[in-house]
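Participant: Just so it is clear, I am handing over data.tsv, which has TSV, C-alpha atoms and all ligand atoms.
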```
chain	number	residue	atom	x	y	z
I	11	MET	CA	-9.22	-86.22	-40.52
I	12	LEU	CA	-12.65	-84.69	-40.04
I	13	VAL	CA	-12.84	-81.73	-37.66
I	14	THR	CA	-15.98	-80.20	-36.22
I	15	LEU	CA	-15.53	-76.47	-35.54
I	16	SER	CA	-17.71	-74.17	-33.47
I	17	GLY	CA	-17.47	-70.89	-31.59
I	18	ALA	CA	-15.29	-68.01	-32.80
I	19	VAL	CA	-15.00	-69.19	-36.41
I	20	ALA	CA	-16.56	-67.69	-39.51
I	21	ASN	CA	-17.52	-71.06	-40.92
I	22	PRO	CA	-18.63	-73.49	-38.21
I	23	GLY	CA	-19.21	-77.08	-39.25
I	24	VAL	CA	-17.28	-80.13	-40.36
I	25	ILE	CA	-14.16	-79.78	-42.50
I	26	GLU	CA	-11.51	-82.23	-43.67
I	27	VAL	CA	-7.88	-81.40	-42.84
I	28	PRO	CA	-4.58	-83.29	-42.88
I	29	THR	CA	-3.80	-84.92	-39.53
I	30	GLY	CA	-1.10	-82.85	-37.87
I	31	VAL	CA	-2.24	-79.52	-39.31
I	32	LEU	CA	-1.07	-76.51	-37.28
I	33	LEU	CA	-3.93	-75.38	-35.07
I	34	THR	CA	-3.15	-71.73	-35.89
I	35	ASP	CA	-3.47	-72.54	-39.62
I	36	LEU	CA	-6.72	-74.41	-39.01
I	37	LEU	CA	-8.21	-71.45	-37.13
I	38	ALA	CA	-6.94	-68.91	-39.68
I	39	ARG	CA	-8.44	-70.95	-42.50
I	40	SER	CA	-11.75	-71.04	-40.65
I	41	GLY	CA	-11.88	-67.28	-40.30
I	42	GLY	CA	-13.43	-65.53	-37.34
I	43	THR	CA	-11.76	-63.58	-34.56
I	44	LYS	CA	-8.73	-64.71	-32.59
I	45	PRO	CA	-10.09	-66.92	-29.79
I	46	ARG	CA	-9.09	-66.55	-26.14
I	47	ALA	CA	-8.71	-70.32	-25.88
I	48	ILE	CA	-9.87	-73.47	-27.63
I	49	LEU	CA	-11.48	-76.61	-26.27
I	50	VAL	CA	-9.99	-79.58	-28.13
I	51	GLY	CA	-11.51	-83.05	-28.09
I	52	GLY	CA	-15.12	-82.06	-27.41
I	53	TYR	CA	-16.77	-81.42	-24.06
I	54	HIS	CA	-14.68	-84.21	-22.53
I	55	GLY	CA	-11.56	-82.60	-23.95
I	56	SER	CA	-9.11	-79.97	-22.70
I	57	TRP	CA	-8.96	-76.19	-22.82
I	58	ILE	CA	-5.79	-74.74	-24.33
I	59	PRO	CA	-5.03	-71.00	-24.03
I	60	ALA	CA	-4.46	-69.04	-27.24
I	61	SER	CA	-0.94	-68.22	-26.00
I	62	ALA	CA	-0.02	-71.95	-26.19
I	63	LEU	CA	-1.30	-72.58	-29.74
I	64	GLU	CA	1.79	-71.45	-31.67
I	65	GLY	CA	3.47	-74.52	-33.19
I	66	LEU	CA	0.85	-76.90	-31.79
I	67	ARG	CA	-0.51	-79.48	-34.23
I	68	LEU	CA	-3.71	-81.47	-34.42
I	69	SER	CA	-2.10	-84.80	-33.58
I	70	ARG	CA	-1.92	-87.04	-30.54
I	71	GLU	CA	1.83	-86.47	-30.19
I	72	SER	CA	1.70	-82.68	-30.39
I	73	LEU	CA	-1.37	-82.21	-28.20
I	74	LYS	CA	0.03	-84.60	-25.61
I	75	THR	CA	2.69	-81.97	-24.84
I	76	VAL	CA	-0.05	-79.75	-23.39
I	77	GLY	CA	-2.02	-82.58	-21.79
I	78	ALA	CA	-4.67	-82.67	-24.54
I	79	SER	CA	-5.82	-85.06	-27.26
I	80	PRO	CA	-7.65	-84.64	-30.60
I	81	GLY	CA	-10.39	-87.01	-29.39
I	82	ALA	CA	-13.13	-87.09	-32.03
I	83	GLY	CA	-11.74	-83.95	-33.69
I	84	ILE	CA	-14.15	-81.51	-32.09
I	85	ILE	CA	-12.80	-78.00	-31.53
I	86	HIS	CA	-14.62	-75.13	-29.86
I	87	ALA	CA	-13.00	-71.69	-30.17
I	88	LEU	CA	-13.85	-69.39	-27.26
I	89	PRO	CA	-14.78	-65.91	-28.56
I	90	PRO	CA	-12.81	-63.01	-27.00
I	91	ASP	CA	-15.95	-61.55	-25.46
I	92	VAL	CA	-17.02	-64.75	-23.71
I	93	CYS	CA	-15.81	-65.59	-20.21
I	94	GLY	CA	-14.01	-68.94	-20.08
I	95	LEU	CA	-15.31	-69.64	-16.59
I	96	THR	CA	-18.89	-68.98	-17.66
I	97	ARG	CA	-18.51	-71.19	-20.73
I	98	THR	CA	-16.97	-73.95	-18.61
I	99	ALA	CA	-19.82	-73.71	-16.08
I	100	GLN	CA	-22.35	-74.02	-18.92
I	101	ILE	CA	-20.62	-77.09	-20.32
I	102	ALA	CA	-20.33	-78.70	-16.89
I	103	ASP	CA	-24.05	-78.10	-16.30
I	104	TYR	CA	-24.86	-79.69	-19.66
I	105	LEU	CA	-22.64	-82.69	-18.92
I	106	ALA	CA	-24.15	-83.11	-15.45
I	107	GLY	CA	-27.53	-83.47	-17.11
I	108	GLU	CA	-26.36	-85.96	-19.74
I	109	SER	CA	-26.37	-89.14	-17.66
I	110	ALA	CA	-28.91	-91.61	-16.31
I	111	ARG	CA	-27.53	-90.89	-12.81
I	112	GLN	CA	-26.97	-94.57	-12.16
I	113	CYS	CA	-23.47	-94.17	-10.70
I	114	GLY	CA	-22.30	-92.13	-7.72
I	115	PRO	CA	-20.16	-89.62	-9.67
I	116	CYS	CA	-23.10	-88.73	-11.92
I	117	ARG	CA	-25.69	-88.68	-9.11
I	118	ASN	CA	-23.61	-86.53	-6.78
I	119	GLY	CA	-20.27	-85.35	-8.14
I	120	LEU	CA	-21.15	-83.81	-11.49
I	121	PRO	CA	-24.17	-81.79	-10.26
I	122	THR	CA	-22.03	-80.51	-7.38
I	123	LEU	CA	-19.23	-79.57	-9.78
I	124	ALA	CA	-21.72	-77.74	-12.01
I	125	GLU	CA	-22.97	-75.75	-9.00
I	126	LEU	CA	-19.46	-74.89	-7.82
I	127	LEU	CA	-18.42	-73.78	-11.32
I	128	ASP	CA	-21.49	-71.59	-11.55
I	129	GLU	CA	-20.37	-70.03	-8.26
I	130	LEU	CA	-16.87	-69.56	-9.71
I	131	ALA	CA	-18.29	-67.82	-12.79
I	132	HIS	CA	-20.93	-65.67	-11.14
I	133	GLY	CA	-20.49	-65.60	-7.37
I	134	ARG	CA	-17.89	-65.52	-4.65
I	135	VAL	CA	-14.38	-66.60	-5.65
I	136	ASP	CA	-11.78	-67.64	-3.15
I	137	ASP	CA	-9.12	-70.31	-2.67
I	138	ALA	CA	-11.53	-72.59	-0.79
I	139	LEU	CA	-13.90	-72.69	-3.77
I	140	VAL	CA	-11.15	-73.57	-6.23
I	141	LYS	CA	-9.79	-76.19	-3.82
I	142	GLU	CA	-13.25	-77.74	-3.46
I	143	ILE	CA	-13.68	-77.95	-7.25
I	144	ARG	CA	-10.33	-79.76	-7.51
I	145	ARG	CA	-11.31	-82.10	-4.66
I	146	ILE	CA	-14.65	-83.10	-6.17
I	147	ALA	CA	-13.08	-83.50	-9.63
I	148	GLY	CA	-10.61	-85.92	-8.03
I	149	LEU	CA	-13.42	-87.86	-6.36
I	150	VAL	CA	-15.34	-88.58	-9.60
I	151	ASP	CA	-12.31	-89.91	-11.47
I	152	GLY	CA	-12.53	-93.64	-12.21
I	153	ARG	CA	-15.67	-94.12	-10.10
I	154	GLY	CA	-18.29	-94.44	-12.83
I	155	SER	CA	-19.23	-97.38	-15.03
I	156	CYS	CA	-18.09	-95.36	-18.02
I	157	ARG	CA	-15.69	-92.45	-18.61
I	158	HIS	CA	-18.28	-89.68	-18.59
I	159	PRO	CA	-17.23	-88.43	-15.12
I	160	ASP	CA	-13.52	-88.71	-15.99
I	161	GLY	CA	-13.90	-86.69	-19.17
I	162	THR	CA	-15.91	-84.03	-17.37
I	163	ALA	CA	-13.27	-83.78	-14.63
I	164	ARG	CA	-10.52	-83.49	-17.28
I	165	MET	CA	-12.31	-80.59	-18.98
I	166	ILE	CA	-12.81	-78.84	-15.64
I	167	ARG	CA	-9.18	-79.29	-14.52
I	168	SER	CA	-7.91	-77.87	-17.80
I	169	ALA	CA	-10.23	-74.87	-17.35
I	170	LEU	CA	-8.77	-74.14	-13.92
I	171	VAL	CA	-5.30	-73.97	-15.51
I	172	THR	CA	-6.21	-72.21	-18.77
I	173	PHE	CA	-8.41	-69.63	-17.07
I	174	ALA	CA	-6.25	-69.13	-13.97
I	175	SER	CA	-5.92	-65.40	-14.65
I	176	ASP	CA	-9.71	-65.19	-15.12
I	177	ILE	CA	-10.14	-66.72	-11.68
I	178	ASP	CA	-7.92	-63.97	-10.27
I	179	ALA	CA	-9.95	-61.35	-12.14
I	180	HIS	CA	-13.21	-62.78	-10.77
I	181	ARG	CA	-11.69	-62.77	-7.31
I	182	ARG	CA	-11.38	-58.99	-7.75
I	183	ARG	CA	-14.98	-58.86	-9.08
I	184	GLY	CA	-13.71	-58.24	-12.63
I	185	CYS	CA	-13.57	-60.34	-15.81
I	186	GLU	CA	-10.98	-60.67	-18.59
I	187	SER	CA	-13.44	-61.24	-21.42
I	188	ALA	CA	-13.51	-58.23	-23.75
A	201	LIG	S1	-20.80	-93.10	-14.96
A	201	LIG	FE1	-21.50	-93.47	-17.05
A	201	LIG	S2	-22.88	-95.25	-16.84
A	201	LIG	FE2	-22.65	-94.36	-14.76
A	201	LIG	S3	-24.39	-92.89	-14.57
A	201	LIG	FE3	-22.57	-91.75	-15.33
A	201	LIG	S4	-22.85	-91.73	-17.57
A	201	LIG	FE4	-24.17	-93.38	-16.76
```
Here is a file; write its structure as structure tokens.
Ligand code: SF4
Facilitator:
Amino acid sequence: MLVTLSGAVANPGVIEVPTGVLLTDLLARSGGTKPRAILVGGYHGSWIPASALEGLRLSRESLKTVGASPGAGIIHALPPDVCGLTRTAQIADYLAGESARQCGPCRNGLPTLAELLDELAHGRVDDALVKEIRRIAGLVDGRGSCRHPDGTARMIRSALVTFASDIDAHRRRGCESA
């Protein structure tokens, strides 16, 4: 299958690999530094922490065990010095802008999610904020004429799990990125 690599890899771009290749082998072959996490399946995909990559393969069956999917084969490796919450906020902001705003979730939900994630990355962090992000992500699911809101909500939910310790660090006004 064709895989599009970006982020913490020495050779970003499109490469051809056997379906089911170990993700650790794929990343090692692509060079670069060890990522903190990877986003599999593109911007509508799912974040997976580096600690969960061992033994995981680039296949539907294997990725399903961590709630992810290969999607169109797009993988973004998060560099160790980049904050996962900041990167997620940037992606959510991009996705919020990539619609014609013809449906409720894209007119209201996605811009609100982008604002809340920016707050999570750069502002106050408390349980109410995280709860509100989860609530709005739940509201956009299945409410659009296409799956753009659903995919965005999936990416955001996976970030809240993958970067849970980052959320705690931000709560203490710190950050885990090196
Ligand atoms: S849900 Fe899909 S069709 Fe509706 S505004 Fe959003 S991107 Fe466009």
Participant: Which residue out of I:Arg111, I:Arg182, I:Leu139, I:Ala87 has the minimum interatomic distance to ligand LIG 201 (chain A) when all atoms listed in the file are used?
Facilitator: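 Of the candidates, the smallest distance to ligand LIG 201 (chain A) is held by I:Arg111.
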Participant: Residues at most 12 Å from segment 117-125 of chain I, counting all atoms listed in the file, excluding those fewer than 5 positions away in the same chain, as a PyMOL selection string?
Facilitator: chain I and resi 95-112+130-133+139-151+153-154+158-163+165-167
Participant: For segment 19-25 of chain I, please output as a list in words all residues within 8 Å (counting only C-alpha atoms; exclusion window: fewer than 5 positions along the same chain).
Facilitator: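 Once the adjacent positions are removed, what remains is Leu12, Val13, Thr14, Leu37, Ser40, Gly41, Gly42, Thr43 and Ala87 of chain I.
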Participant: So, with all atoms listed in the file as the atoms that count, which of I:Gly184, I:Glu129, I:Met11, I:Ser16 lies closest to Val50 of chain I?
Facilitator: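 Closest to Val50 of chain I, using all atoms listed in the file: I:Ser16.
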Participant: So how far away is atom CA of Gly152 of chain I from atom CA of Leu66 of chain I, in Å?
Facilitator: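 Here the two named atoms are 29.0 Å from each other.
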Participant: Step by step, gather every atom of segment 78-82 of chain I that the file lists, find the box along x, y and z that holds them, add 6 Å on each side, and finally give centre and edge lengths in Å to one decimal, as AutoDock Vina command-line options.
Facilitator:
```
--center_x -8.9 --center_y -84.9 --center_z -28.3 --size_x 20.5 --size_y 16.4 --size_z 19.5
```
Participant: Quick one: distance from atom CA of Glu186 of chain I to atom CA of Gly77 of chain I in Å, one decimal?
Facilitator: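 Atom CA of Gly77 of chain I lies 23.9 Å from atom CA of Glu186 of chain I.
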Participant: So the first atom is atom CA of His54 of chain I and the second is atom CA of Val31 of chain I; what is the distance between them in Å, to one decimal place?
Facilitator: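 It comes out at 21.4 Å.
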Participant: Residues within 12 Å of Thr29 of chain I, please, as a JSON list (two decimals) with C-alpha atoms, keeping the file's coordinate frame. Count all atoms listed in the file; anything in the same chain fewer than 5 positions from it doesn't count.
Facilitator:
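Result file follows (around_22.json):
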```json
[["chain", "number", "residue", "atom", "x", "y", "z"],
["I", 11, "MET", "CA", -9.22, -86.22, -40.52],
["I", 12, "LEU", "CA", -12.65, -84.69, -40.04],
["I", 13, "VAL", "CA", -12.84, -81.73, -37.66],
["I", 36, "LEU", "CA", -6.72, -74.41, -39.01],
["I", 67, "ARG", "CA", -0.51, -79.48, -34.23],
["I", 68, "LEU", "CA", -3.71, -81.47, -34.42],
["I", 69, "SER", "CA", -2.10, -84.80, -33.58],
["I", 70, "ARG", "CA", -1.92, -87.04, -30.54],
["I", 71, "GLU", "CA", 1.83, -86.47, -30.19],
["I", 72, "SER", "CA", 1.70, -82.68, -30.39],
["I", 73, "LEU", "CA", -1.37, -82.21, -28.20],
["I", 80, "PRO", "CA", -7.65, -84.64, -30.60],
["I", 83, "GLY", "CA", -11.74, -83.95, -33.69]]
```
Participant: Measuring between only C-alpha atoms, which one of I:Glu64, I:Glu26, I:Leu49, I:Asp128 shows the shortest distance to Ile85 of chain I?
Facilitator: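 Under the stated criterion, the closest residue is I:Leu49.
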Participant: Of the residues I:Cys113, I:Arg183, I:Leu170, I:Asp136, which is the one nearest to ligand LIG 201 (chain A), using only C-alpha atoms and all ligand atoms?
Facilitator: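 Under the stated criterion, the closest residue is I:Cys113.
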Participant: Would you mind telling me which residue in I:Val135, I:Cys156, I:Leu127, I:Ala62 lies nearest to ligand LIG 201 (chain A) when using only C-alpha atoms and all ligand atoms?
Facilitator: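 That would be I:Cys156, the residue with the smallest distance to ligand LIG 201 (chain A).
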Participant: Can you tell me which residues surround Leu63 of chain I at a distance of at most 8 Å, considering all atoms listed in the file, apart from same-chain residues fewer than 4 positions away, and format the answer as a PyMOL selection string?
Facilitator: chain I and resi 33-34+58-59
Participant: Using only C-alpha atoms and all ligand atoms for the distances, tell me which of I:Ala174, I:His180, I:Pro115, I:Leu126 is nearest to ligand LIG 201 (chain A).
Facilitator: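 Once distances to ligand LIG 201 (chain A) are computed over only C-alpha atoms and all ligand atoms, the minimum belongs to I:Pro115.
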